[in-house]
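The next block is data_23.txt, given as compact mmCIF, C-alpha atoms.
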# COMPACT_ATOMS: atom_id res chain seq x y z
CA MET B 8 3.79 -62.34 21.84
CA LEU B 9 3.73 -58.56 21.47
CA GLY B 10 7.14 -58.15 23.01
CA SER B 11 8.78 -60.66 20.71
CA PRO B 12 10.40 -59.64 17.40
CA ASP B 13 9.64 -63.11 16.07
CA ASP B 14 5.85 -62.53 15.73
CA GLY B 15 6.26 -59.72 13.16
CA VAL B 16 5.69 -56.76 15.51
CA PRO B 17 9.05 -55.10 16.21
CA VAL B 18 9.44 -53.43 19.58
CA LEU B 19 11.15 -49.99 19.89
CA ARG B 20 13.81 -50.64 22.44
CA THR B 21 16.64 -48.14 21.72
CA PRO B 22 16.59 -44.44 22.84
CA ALA B 23 17.19 -43.30 19.26
CA ALA B 24 14.18 -45.21 18.07
CA ARG B 25 12.00 -43.78 20.81
CA TRP B 26 13.25 -40.24 19.94
CA ARG B 27 12.32 -40.76 16.28
CA SER B 28 8.86 -41.91 17.28
CA ILE B 29 8.30 -38.59 19.10
CA ILE B 30 10.01 -36.12 16.76
CA LEU B 31 8.87 -37.43 13.38
CA PRO B 32 5.12 -36.77 13.91
CA VAL B 33 5.92 -33.26 15.20
CA VAL B 34 8.02 -32.47 12.14
CA ILE B 35 5.25 -33.72 9.87
CA LEU B 36 2.65 -31.58 11.63
CA LEU B 37 4.87 -28.49 11.37
CA ALA B 38 5.46 -29.08 7.67
CA VAL B 39 1.73 -29.45 7.04
CA GLY B 40 1.06 -26.25 8.96
CA ILE B 41 3.63 -24.28 6.98
CA VAL B 42 2.22 -25.53 3.68
CA ALA B 43 -1.31 -24.62 4.79
CA LEU B 44 -0.17 -21.13 5.78
CA LEU B 45 1.50 -20.59 2.40
CA LEU B 46 -1.60 -21.79 0.59
CA THR B 47 -4.03 -19.60 2.54
CA GLY B 48 -1.88 -16.45 2.49
CA ARG B 49 -3.31 -13.78 4.80
CA GLY B 50 -6.59 -15.56 5.29
CA GLN B 51 -6.07 -15.68 9.04
CA GLN B 52 -3.97 -12.52 9.33
CA THR B 53 -5.51 -10.39 12.04
CA GLU B 54 -3.19 -7.41 12.24
CA ILE B 55 -3.99 -4.39 10.10
CA GLN B 56 -0.91 -2.99 8.38
CA GLY B 57 -0.56 0.48 6.90
CA ALA B 58 2.18 2.69 5.52
CA GLY B 59 2.64 6.22 4.30
CA SER B 60 2.65 9.84 5.41
CA THR B 61 5.01 10.98 8.13
CA LEU B 62 2.84 14.10 8.44
CA ALA B 63 -0.03 11.87 9.60
CA GLN B 64 2.08 9.47 11.67
CA PRO B 65 1.05 10.83 15.12
CA LEU B 66 -2.62 10.79 14.11
CA ILE B 67 -2.51 7.20 12.89
CA GLU B 68 -0.49 5.86 15.81
CA ARG B 69 -2.50 7.63 18.54
CA SER B 70 -5.88 6.78 17.00
CA ALA B 71 -4.81 3.15 16.51
CA THR B 72 -4.04 2.90 20.21
CA ALA B 73 -7.38 4.49 21.11
CA PHE B 74 -9.20 2.12 18.75
CA ARG B 75 -7.50 -0.91 20.26
CA ASP B 76 -8.42 0.26 23.74
CA ALA B 77 -12.02 0.92 22.70
CA GLN B 78 -12.32 -2.54 21.18
CA ALA B 79 -10.82 -4.15 24.26
CA ALA B 80 -13.26 -2.43 26.63
CA ASP B 81 -16.39 -4.16 27.91
CA ASP B 82 -19.40 -3.75 25.65
CA PRO B 83 -22.46 -2.97 27.85
CA GLU B 84 -24.73 -4.23 25.07
CA ARG B 85 -23.15 -7.68 25.30
CA PRO B 86 -22.38 -8.54 28.93
CA GLY B 87 -19.43 -10.85 29.23
CA ALA B 88 -18.12 -10.08 25.75
CA THR B 89 -14.90 -8.13 25.55
CA GLY B 90 -12.39 -7.22 22.93
CA ASN B 91 -12.49 -7.75 19.22
CA ASP B 92 -11.90 -10.84 17.13
CA TRP B 93 -8.90 -9.39 15.33
CA VAL B 94 -6.97 -7.76 18.18
CA LEU B 95 -5.08 -10.89 19.11
CA ASN B 96 -1.47 -9.90 19.50
CA GLY B 97 -1.79 -6.73 21.57
CA ASN B 98 -0.96 -4.47 18.64
CA GLY B 99 -3.82 -4.64 16.17
CA ILE B 100 -2.56 -1.94 13.81
CA ASP B 101 1.00 -1.53 12.57
CA TYR B 102 1.99 1.63 10.66
CA GLU B 103 5.20 2.34 8.77
CA PRO B 104 5.92 6.09 8.27
CA VAL B 105 7.66 5.81 4.91
CA GLY B 106 6.27 9.00 3.35
CA SER B 107 3.17 9.47 1.21
CA MET B 108 4.86 8.28 -1.98
CA GLY B 109 6.36 5.27 -0.21
CA GLY B 110 3.00 4.30 1.25
CA ILE B 111 1.25 4.46 -2.11
CA GLN B 112 3.98 2.33 -3.67
CA ARG B 113 3.65 -0.22 -0.88
CA LEU B 114 -0.03 -0.79 -1.61
CA SER B 115 1.08 -3.35 -4.19
CA ASP B 116 2.31 -5.49 -1.28
CA PRO B 117 -0.42 -7.97 -0.26
CA GLU B 118 0.58 -7.43 3.38
CA ILE B 119 -0.29 -3.71 3.32
CA ASP B 120 -3.97 -2.94 3.95
CA PHE B 121 -4.00 0.84 3.67
CA ALA B 122 -1.83 3.81 2.76
CA VAL B 123 -1.97 7.38 4.06
CA SER B 124 -1.13 10.34 1.86
CA ASP B 125 -1.03 14.11 2.24
CA TYR B 126 -2.35 14.46 -1.31
CA PRO B 127 -4.98 12.66 -3.37
CA LEU B 128 -4.26 10.35 -6.27
CA THR B 129 -5.62 11.28 -9.68
CA ALA B 130 -8.49 9.31 -11.20
CA ASP B 131 -6.01 7.48 -13.44
CA GLY B 132 -3.83 6.63 -10.44
CA LEU B 133 -6.78 5.20 -8.55
CA LYS B 134 -7.79 3.04 -11.50
CA GLN B 135 -4.26 1.81 -12.10
CA LEU B 136 -3.79 0.72 -8.48
CA ALA B 137 -7.38 -0.55 -8.06
CA VAL B 138 -7.81 1.46 -4.87
CA THR B 139 -10.28 3.94 -3.48
CA GLN B 140 -9.42 6.99 -1.40
CA PHE B 141 -11.15 9.36 0.98
CA PRO B 142 -10.10 12.07 3.44
CA ILE B 143 -10.05 11.35 7.16
CA ALA B 144 -8.75 14.64 8.60
CA LEU B 145 -7.35 18.03 7.74
CA GLY B 146 -3.86 19.25 8.48
CA ALA B 147 -1.50 22.09 7.73
CA ILE B 148 2.03 22.45 6.44
CA ALA B 149 3.77 24.83 8.84
CA VAL B 150 6.79 26.78 7.66
CA VAL B 151 9.19 26.70 10.62
CA HIS B 152 12.32 28.67 11.41
CA ASN B 153 15.16 29.08 13.88
CA VAL B 154 15.59 32.84 13.88
CA GLU B 155 15.82 35.04 16.97
CA LEU B 156 12.96 37.55 16.97
CA PRO B 157 11.57 39.85 19.69
CA ASP B 158 9.11 38.11 22.01
CA GLY B 159 5.59 38.02 20.66
CA ARG B 160 6.54 38.79 17.07
CA ASP B 161 5.90 36.37 14.23
CA LEU B 162 8.02 36.03 11.15
CA ARG B 163 5.79 36.92 8.19
CA LEU B 164 6.40 35.64 4.67
CA ASP B 165 4.46 35.54 1.43
CA ALA B 166 4.77 32.89 -1.28
CA ASP B 167 6.91 35.01 -3.58
CA THR B 168 9.46 35.86 -0.87
CA LEU B 169 9.50 32.29 0.43
CA ALA B 170 10.06 31.06 -3.13
CA ALA B 171 12.99 33.48 -3.48
CA ILE B 172 14.49 31.95 -0.32
CA TYR B 173 14.14 28.41 -1.70
CA LEU B 174 15.40 29.52 -5.11
CA GLY B 175 18.59 30.70 -3.42
CA GLU B 176 17.99 34.34 -4.32
CA ILE B 177 17.56 35.52 -0.72
CA THR B 178 20.48 34.39 1.42
CA ARG B 179 20.41 36.75 4.46
CA TRP B 180 17.67 37.21 7.01
CA ASN B 181 17.94 41.00 6.87
CA ASP B 182 17.24 41.03 3.12
CA ARG B 183 15.11 44.01 2.18
CA LYS B 184 12.25 41.83 0.89
CA ILE B 185 11.94 40.04 4.25
CA ALA B 186 12.30 43.35 6.10
CA ALA B 187 9.46 44.87 4.04
CA LEU B 188 7.10 42.11 5.17
CA ASN B 189 8.11 42.52 8.81
CA PRO B 190 8.08 46.29 9.56
CA GLY B 191 9.39 47.20 12.98
CA VAL B 192 10.92 43.76 13.53
CA PRO B 193 14.73 43.77 13.63
CA MET B 194 15.96 40.94 11.42
CA PRO B 195 19.41 39.47 12.14
CA ASP B 196 22.27 39.88 9.70
CA SER B 197 22.81 36.15 9.41
CA ALA B 198 22.71 33.51 6.70
CA VAL B 199 19.52 31.72 5.73
CA ALA B 200 19.94 27.95 6.01
CA VAL B 201 17.36 26.31 3.73
CA VAL B 202 16.15 22.81 4.63
CA HIS B 203 13.94 20.63 2.43
CA ARG B 204 12.80 17.02 2.38
CA SER B 205 15.06 14.60 0.51
CA ASP B 206 12.46 11.81 0.30
CA GLY B 207 9.17 11.71 -1.59
CA SER B 208 6.74 13.56 0.64
CA GLY B 209 3.19 14.85 0.60
CA SER B 210 4.44 17.64 2.85
CA THR B 211 6.72 18.72 0.02
CA LYS B 212 3.80 18.66 -2.40
CA GLY B 213 1.72 20.84 -0.07
CA PHE B 214 4.59 23.25 0.52
CA THR B 215 5.59 23.56 -3.14
CA GLY B 216 1.92 23.92 -4.04
CA TYR B 217 1.78 27.04 -1.88
CA LEU B 218 4.92 28.37 -3.56
CA SER B 219 3.57 27.68 -7.05
CA ALA B 220 0.25 29.36 -6.28
CA GLY B 221 1.97 32.61 -5.32
CA SER B 222 5.16 32.62 -7.38
CA PRO B 223 5.15 32.26 -11.18
CA ARG B 224 8.92 31.79 -11.07
CA TRP B 225 8.57 28.81 -8.77
CA GLN B 226 5.69 27.37 -10.76
CA SER B 227 7.69 27.51 -14.00
CA GLY B 228 10.84 26.29 -12.27
CA PRO B 229 10.88 23.54 -9.64
CA GLY B 230 7.07 23.41 -9.64
CA THR B 231 4.81 21.31 -7.42
CA GLY B 232 5.52 17.72 -6.50
CA THR B 233 6.43 15.17 -3.88
CA LEU B 234 10.00 15.32 -5.20
CA VAL B 235 11.37 18.42 -6.91
CA ASP B 236 14.76 19.59 -8.11
CA TRP B 237 15.69 21.91 -5.25
CA PRO B 238 17.88 24.83 -6.36
CA THR B 239 19.48 25.18 -2.93
CA GLY B 240 19.41 23.89 0.63
CA THR B 241 20.10 20.79 2.71
CA GLY B 242 18.00 17.64 2.37
CA ALA B 243 16.40 16.02 5.41
CA GLU B 244 14.82 12.57 5.45
CA ARG B 245 11.30 12.34 6.82
CA THR B 246 9.64 14.70 9.27
CA GLY B 247 11.99 13.76 12.10
CA GLY B 248 15.02 14.72 10.04
CA MET B 249 13.46 18.05 9.09
CA ILE B 250 12.67 18.89 12.71
CA GLU B 251 16.19 18.00 13.80
CA GLN B 252 17.82 20.10 11.08
CA VAL B 253 15.77 23.21 11.84
CA ARG B 254 15.95 22.89 15.62
CA ASP B 255 19.72 22.34 15.69
CA ASN B 256 20.84 24.98 13.19
CA ALA B 257 20.47 28.71 13.83
CA GLY B 258 19.13 30.67 10.87
CA SER B 259 17.39 27.65 9.33
CA ILE B 260 13.98 27.43 7.68
CA GLY B 261 11.94 24.36 6.74
CA TYR B 262 8.42 22.91 6.69
CA VAL B 263 6.63 20.25 8.77
CA GLU B 264 3.13 19.31 9.87
CA PHE B 265 1.75 21.92 12.28
CA GLY B 266 1.10 19.64 15.27
CA GLN B 267 4.56 18.16 15.07
CA ALA B 268 6.05 21.66 14.83
CA GLN B 269 4.20 22.58 18.02
CA ARG B 270 5.36 19.51 19.91
CA ALA B 271 8.94 20.10 18.78
CA GLY B 272 8.79 23.70 20.05
CA LEU B 273 9.60 25.19 16.63
CA ASP B 274 8.66 28.75 15.70
CA VAL B 275 6.00 28.94 12.98
CA VAL B 276 5.78 31.48 10.15
CA ALA B 277 2.60 33.49 9.49
CA LEU B 278 1.93 32.99 5.78
CA ALA B 279 0.18 35.41 3.45
CA ASN B 280 -3.10 34.01 2.08
CA GLU B 281 -5.02 34.97 -1.06
CA SER B 282 -6.61 37.90 0.75
CA GLY B 283 -3.20 39.28 1.70
CA ASN B 284 -3.62 38.50 5.39
CA TYR B 285 -0.82 36.84 7.35
CA VAL B 286 -2.21 33.76 9.11
CA ARG B 287 -0.71 31.20 11.44
CA PRO B 288 -2.03 27.63 11.28
CA SER B 289 -4.86 26.90 13.70
CA ALA B 290 -8.03 24.81 13.75
CA ASP B 291 -10.19 27.78 12.76
CA ALA B 292 -7.80 28.84 9.99
CA ILE B 293 -7.66 25.28 8.61
CA LEU B 294 -11.45 24.95 8.62
CA ALA B 295 -11.75 28.31 6.91
CA ALA B 296 -9.42 27.12 4.16
CA ALA B 297 -11.58 24.03 3.56
CA SER B 298 -14.95 25.75 3.95
CA SER B 299 -15.81 25.81 0.24
CA HIS B 300 -14.42 22.40 -0.72
CA ASP B 301 -16.79 19.76 -2.12
CA TRP B 302 -16.57 16.63 0.06
CA SER B 303 -19.28 14.65 -1.76
CA GLY B 304 -16.77 12.34 -3.43
CA LYS B 305 -18.30 12.77 -6.88
CA ASP B 306 -14.76 13.09 -8.25
CA ASP B 307 -13.46 10.20 -6.09
CA TYR B 308 -11.72 12.84 -3.97
CA ALA B 309 -9.14 13.29 -6.71
CA ALA B 310 -9.22 17.09 -6.54
CA ALA B 311 -6.64 18.53 -4.16
CA LEU B 312 -7.87 20.89 -1.48
CA GLY B 313 -8.15 24.24 -3.21
CA THR B 314 -6.89 27.50 -1.78
CA SER B 315 -9.76 29.42 -0.22
CA ASP B 316 -10.01 33.20 -0.50
CA ALA B 317 -11.48 33.48 3.00
CA THR B 318 -9.73 36.24 4.91
CA SER B 319 -8.92 33.92 7.83
CA ALA B 320 -7.88 30.88 5.77
CA TYR B 321 -4.49 29.29 6.33
CA PRO B 322 -3.13 28.87 2.79
CA ALA B 323 -1.00 25.73 3.29
CA THR B 324 -3.89 23.54 4.44
CA VAL B 325 -3.93 19.93 3.24
CA GLY B 326 -6.26 16.96 3.35
CA ILE B 327 -5.08 13.67 4.83
CA TYR B 328 -6.24 10.78 2.64
CA VAL B 329 -6.46 7.04 3.20
CA LEU B 330 -6.25 4.61 0.29
CA VAL B 331 -7.61 1.06 0.54
CA LYS B 332 -7.81 -1.82 -1.92
CA ARG B 333 -10.96 -2.50 -3.93
CA ASP B 334 -10.03 -6.02 -5.03
CA PRO B 335 -12.51 -8.53 -3.53
CA GLU B 336 -9.53 -10.76 -2.76
CA PHE B 337 -8.67 -8.40 0.11
CA GLN B 338 -12.24 -7.74 1.25
CA GLN B 339 -11.88 -9.29 4.70
CA GLN B 340 -8.87 -7.18 5.62
CA THR B 341 -10.36 -4.10 4.00
CA GLU B 342 -13.51 -4.42 6.11
CA ARG B 343 -11.38 -4.67 9.24
CA THR B 344 -9.44 -1.63 8.11
CA LEU B 345 -12.65 0.32 7.54
CA GLY B 346 -13.74 -0.43 11.09
CA TYR B 347 -10.68 1.42 12.34
CA LEU B 348 -11.03 4.24 9.82
CA ARG B 349 -14.67 4.83 10.78
CA PHE B 350 -13.53 5.14 14.39
CA LEU B 351 -10.88 7.69 13.38
CA LEU B 352 -13.37 9.63 11.27
CA ASN B 353 -16.27 9.71 13.73
CA ASP B 354 -15.04 8.96 17.26
CA PHE B 355 -11.52 10.35 17.58
CA GLY B 356 -12.33 14.03 17.14
CA SER B 357 -10.88 15.31 20.42
CA GLY B 358 -7.74 13.23 19.94
CA THR B 359 -7.36 14.59 16.41
CA GLU B 360 -7.55 18.15 17.71
CA GLU B 361 -5.11 17.52 20.56
CA LEU B 362 -2.50 16.43 18.02
CA GLY B 363 -2.86 19.61 15.95
CA TYR B 364 -5.02 18.18 13.16
CA VAL B 365 -8.66 19.05 12.42
CA PRO B 366 -11.47 16.46 12.27
CA MET B 367 -13.59 16.40 9.15
CA PRO B 368 -16.71 18.57 9.52
CA ASN B 369 -19.82 16.55 10.39
CA ALA B 370 -21.47 16.96 6.98
CA ALA B 371 -18.25 15.92 5.27
CA ALA B 372 -17.91 12.85 7.51
CA VAL B 373 -21.43 11.72 6.54
CA SER B 374 -20.58 12.08 2.85
CA ILE B 375 -17.34 10.15 3.32
CA GLU B 376 -19.18 7.31 5.14
CA ASN B 377 -21.64 7.07 2.24
CA TYR B 378 -18.78 7.06 -0.23
CA MET B 379 -17.07 4.19 1.63
CA ALA B 380 -20.25 2.13 1.54
CA LYS B 381 -20.67 2.62 -2.22
CA THR B 382 -17.13 2.16 -3.45
CA VAL B 383 -14.94 0.00 -1.23
CA THR B 384 -14.52 -3.62 -2.43
CA SER B 385 -16.83 -2.99 -5.40
CA ASP B 386 -15.57 -3.99 -8.82
CA ALA B 387 -12.69 -1.73 -9.87

Would you write out, as structure tokens, the structure that this file holds?
Amino acid sequence: MLGSPDDGVPVLRTPAARWRSIILPVVILLAVGIVALLLTGRGQQTEIQGAGSTLAQPLIERSATAFRDAQAADDPERPGATGNDWVLNGNGIDYEPVGSMGGIQRLSDPEIDFAVSDYPLTADGLKQLAVTQFPIALGAIAVVHNVELPDGRDLRLDADTLAAIYLGEITRWNDRKIAALNPGVPMPDSAVAVVHRSDGSGSTKGFTGYLSAGSPRWQSGPGTGTLVDWPTGTGAERTGGMIEQVRDNAGSIGYVEFGQAQRAGLDVVALANESGNYVRPSADAILAAASSHDWSGKDDYAAALGTSDATSAYPATVGIYVLVKRDPEFQQQTERTLGYLRFLLNDFGSGTEELGYVPMPNAAAVSIENYMAKTVTSDA
């Protein structure tokens, strides 16, 4: 009899026994699932994860939202089909603004699919990290200040005078060197409060590159880099810290990405270019600066954006680069990442401009697409 313990088939009669009969299979299933997840790694990971430049943070975050929305919209070519197979959790793309240097360092993390930098890696750096890089937009390093000037008048500075400020040699806003560059503009008799980035930053590399190009003393001293030994000034962490320091302290001067400077309401310096003209950052001035650059990718985009001698060029123009892994182990995630990057490169032009960046010129975008197809996920 089935209900009798005498026929060798015990019957679960107690509550504890019944509870074990329910819980034990669940625990086993969970354990198997966890082991399977550990064994397969990111095989089923559907979120794209990036890290890097704070200069490019608004561009990445806004374009990621637009890409998610575009993928979620109905496709008229496939009635009844909506969305995308990887946008499962409502986010799709997660970006950590840890600075260009931080993003490049994080590429060694299997969870990170791409990094964004305000400067290109060298050929040796690309080989060492087994990554490929390409530009996705153009931007500008704006020198910003908190100095009271007459309405409609820009503060004008050249690289040598700006270097003297950051070397600690010019300490008052009415210094004769500043006054000579700004004839007819009354400069206040107040202290200059220098602000610089304290973290590794592509913005710092772009800014110090401008100083080095126009000031032999700066070039032979602090030089160009993502981190330099600043002779004077207050350190600020990330772009947000720089904006806060300049905005909240009268007499201060610093540097941030142009679009973010605009949105923060900061006053922007007109910088002297190679032709001796004083130019504010703008889309036309940024394009003029990049007009002679070779975007073919024959050097793996390792050459930094050179300074153009065009009369209208903004001299502190920078390229915004994305780095992705070439290892076939990460090919699935890299292909998903490239889908987003192609959208940013080709379909987000108006959004790029609204944020204060400049889309890649059409001919450059075609070259970059061809470069992607030839190099990404190929043998390093």

Using all atoms listed in the file, can you list as a PyMOL selection string the residues within 12 Å of (16.0, 42.9, 5.6)?
chain B and resi 162+168+177-199

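Between Gly207 (chain B) and the residues B:Gly283, B:Gly242, B:Gly326, B:Gly57, the shortest atom-to-atom distance, using all atoms listed in the file, involves B:Gly242.
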
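In this structure, CA of Ala290 (chain B) sits 27.2 Å away from CA of Glu244 (chain B).
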
Using only C-alpha atoms, what does the table of region 288-334 of chain B residues within 12 Å of region 367-371 of chain B look like, with each row giving the shortest atom pair and its distance in Å to one decimal, sorted by chain and ascending number, as CSV?
residue,atom,partner,partner_atom,distance
B:Ala290,CA,B:Met367,CA,11.1
B:Asp291,CA,B:Pro368,CA,11.7
B:Ile293,CA,B:Met367,CA,10.7
B:Leu294,CA,B:Pro368,CA,8.3
B:Ala295,CA,B:Pro368,CA,11.2
B:Ala297,CA,B:Pro368,CA,9.6
B:Ser298,CA,B:Pro368,CA,9.3
B:Ser299,CA,B:Ala371,CA,11.4
B:His300,CA,B:Ala371,CA,9.6
B:Asp301,CA,B:Ala371,CA,8.5
B:Trp302,CA,B:Ala371,CA,5.5
B:Ser303,CA,B:Ala371,CA,7.2
B:Gly304,CA,B:Ala371,CA,9.5
B:Tyr308,CA,B:Ala371,CA,11.7
B:Val325,CA,B:Met367,CA,11.9
B:Gly326,CA,B:Met367,CA,9.4
B:Ile327,CA,B:Met367,CA,9.9
B:Tyr328,CA,B:Met367,CA,11.3

Next, write the just-selected residues to a file, as an mmCIF file, in the coordinates of the input, keeping C-alpha atoms as the atom set.
data_model
loop_
_atom_site.group_PDB
_atom_site.id
_atom_site.type_symbol
_atom_site.label_atom_id
_atom_site.label_comp_id
_atom_site.auth_asym_id
_atom_site.auth_seq_id
_atom_site.Cartn_x
_atom_site.Cartn_y
_atom_site.Cartn_z
ATOM 1 C CA ALA B 290 -8.030 24.810 13.750
ATOM 2 C CA ASP B 291 -10.190 27.780 12.760
ATOM 3 C CA ILE B 293 -7.660 25.280 8.610
ATOM 4 C CA LEU B 294 -11.450 24.950 8.620
ATOM 5 C CA ALA B 295 -11.750 28.310 6.910
ATOM 6 C CA ALA B 297 -11.580 24.030 3.560
ATOM 7 C CA SER B 298 -14.950 25.750 3.950
ATOM 8 C CA SER B 299 -15.810 25.810 0.240
ATOM 9 C CA HIS B 300 -14.420 22.400 -0.720
ATOM 10 C CA ASP B 301 -16.790 19.760 -2.120
ATOM 11 C CA TRP B 302 -16.570 16.630 0.060
ATOM 12 C CA SER B 303 -19.280 14.650 -1.760
ATOM 13 C CA GLY B 304 -16.770 12.340 -3.430
ATOM 14 C CA TYR B 308 -11.720 12.840 -3.970
ATOM 15 C CA VAL B 325 -3.930 19.930 3.240
ATOM 16 C CA GLY B 326 -6.260 16.960 3.350
ATOM 17 C CA ILE B 327 -5.080 13.670 4.830
ATOM 18 C CA TYR B 328 -6.240 10.780 2.640
#

List the spatial neighbours of region 117-134 of chain B as number ranges by chain - criterion: any atom at most 6 Å away, all atoms listed in the file, same-chain residues fewer than 5 positions off excluded.
B: 56-60, 107, 110-111, 209, 309, 327-331

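Across the structure, CA of Arg163 (chain B) and CA of Ala292 (chain B) are spaced 15.9 Å apart.
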
Starting from the incomplete input, reconstruct N, CA and C atoms of region 57-71 of chain B and report them as a PDB file, in the coordinates of the input.
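What ended up in selection-v7.pdb:
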ATOM      1  N   GLY B  57      -0.505  -0.695   7.751  1.00  0.00           N
ATOM      2  CA  GLY B  57      -0.560   0.480   6.900  1.00  0.00           C
ATOM      3  C   GLY B  57       0.811   1.090   6.733  1.00  0.00           C
ATOM      4  N   ALA B  58       0.916   2.011   5.781  1.00  0.00           N
ATOM      5  CA  ALA B  58       2.180   2.690   5.520  1.00  0.00           C
ATOM      6  C   ALA B  58       1.881   4.030   4.864  1.00  0.00           C
ATOM      7  N   GLY B  59       2.819   4.968   5.002  1.00  0.00           N
ATOM      8  CA  GLY B  59       2.640   6.220   4.300  1.00  0.00           C
ATOM      9  C   GLY B  59       3.117   7.445   5.042  1.00  0.00           C
ATOM     10  N   SER B  60       2.315   8.481   4.995  1.00  0.00           N
ATOM     11  CA  SER B  60       2.650   9.840   5.410  1.00  0.00           C
ATOM     12  C   SER B  60       3.300   9.937   6.786  1.00  0.00           C
ATOM     13  N   THR B  61       4.430  10.643   6.832  1.00  0.00           N
ATOM     14  CA  THR B  61       5.010  10.980   8.130  1.00  0.00           C
ATOM     15  C   THR B  61       4.267  12.154   8.756  1.00  0.00           C
ATOM     16  N   LEU B  62       3.658  12.995   7.917  1.00  0.00           N
ATOM     17  CA  LEU B  62       2.840  14.100   8.440  1.00  0.00           C
ATOM     18  C   LEU B  62       1.713  13.552   9.306  1.00  0.00           C
ATOM     19  N   ALA B  63       1.110  12.444   8.876  1.00  0.00           N
ATOM     20  CA  ALA B  63      -0.030  11.870   9.600  1.00  0.00           C
ATOM     21  C   ALA B  63       0.358  10.834  10.627  1.00  0.00           C
ATOM     22  N   GLN B  64       1.647  10.548  10.771  1.00  0.00           N
ATOM     23  CA  GLN B  64       2.080   9.470  11.670  1.00  0.00           C
ATOM     24  C   GLN B  64       1.516   9.592  13.086  1.00  0.00           C
ATOM     25  N   PRO B  65       1.605  10.760  13.756  1.00  0.00           N
ATOM     26  CA  PRO B  65       1.050  10.830  15.120  1.00  0.00           C
ATOM     27  C   PRO B  65      -0.449  10.551  15.158  1.00  0.00           C
ATOM     28  N   LEU B  66      -1.184  11.022  14.155  1.00  0.00           N
ATOM     29  CA  LEU B  66      -2.620  10.790  14.110  1.00  0.00           C
ATOM     30  C   LEU B  66      -2.940   9.312  13.985  1.00  0.00           C
ATOM     31  N   ILE B  67      -2.246   8.619  13.095  1.00  0.00           N
ATOM     32  CA  ILE B  67      -2.510   7.200  12.890  1.00  0.00           C
ATOM     33  C   ILE B  67      -2.125   6.397  14.131  1.00  0.00           C
ATOM     34  N   GLU B  68      -0.961   6.655  14.675  1.00  0.00           N
ATOM     35  CA  GLU B  68      -0.490   5.860  15.810  1.00  0.00           C
ATOM     36  C   GLU B  68      -1.349   6.093  17.053  1.00  0.00           C
ATOM     37  N   ARG B  69      -1.692   7.349  17.341  1.00  0.00           N
ATOM     38  CA  ARG B  69      -2.500   7.630  18.540  1.00  0.00           C
ATOM     39  C   ARG B  69      -3.921   7.096  18.381  1.00  0.00           C
ATOM     40  N   SER B  70      -4.510   7.267  17.210  1.00  0.00           N
ATOM     41  CA  SER B  70      -5.880   6.780  17.000  1.00  0.00           C
ATOM     42  C   SER B  70      -5.918   5.256  16.986  1.00  0.00           C
ATOM     43  N   ALA B  71      -4.858   4.618  16.494  1.00  0.00           N
ATOM     44  CA  ALA B  71      -4.810   3.150  16.510  1.00  0.00           C
ATOM     45  C   ALA B  71      -4.803   2.628  17.934  1.00  0.00           C
TER      46      ALA B  71
END
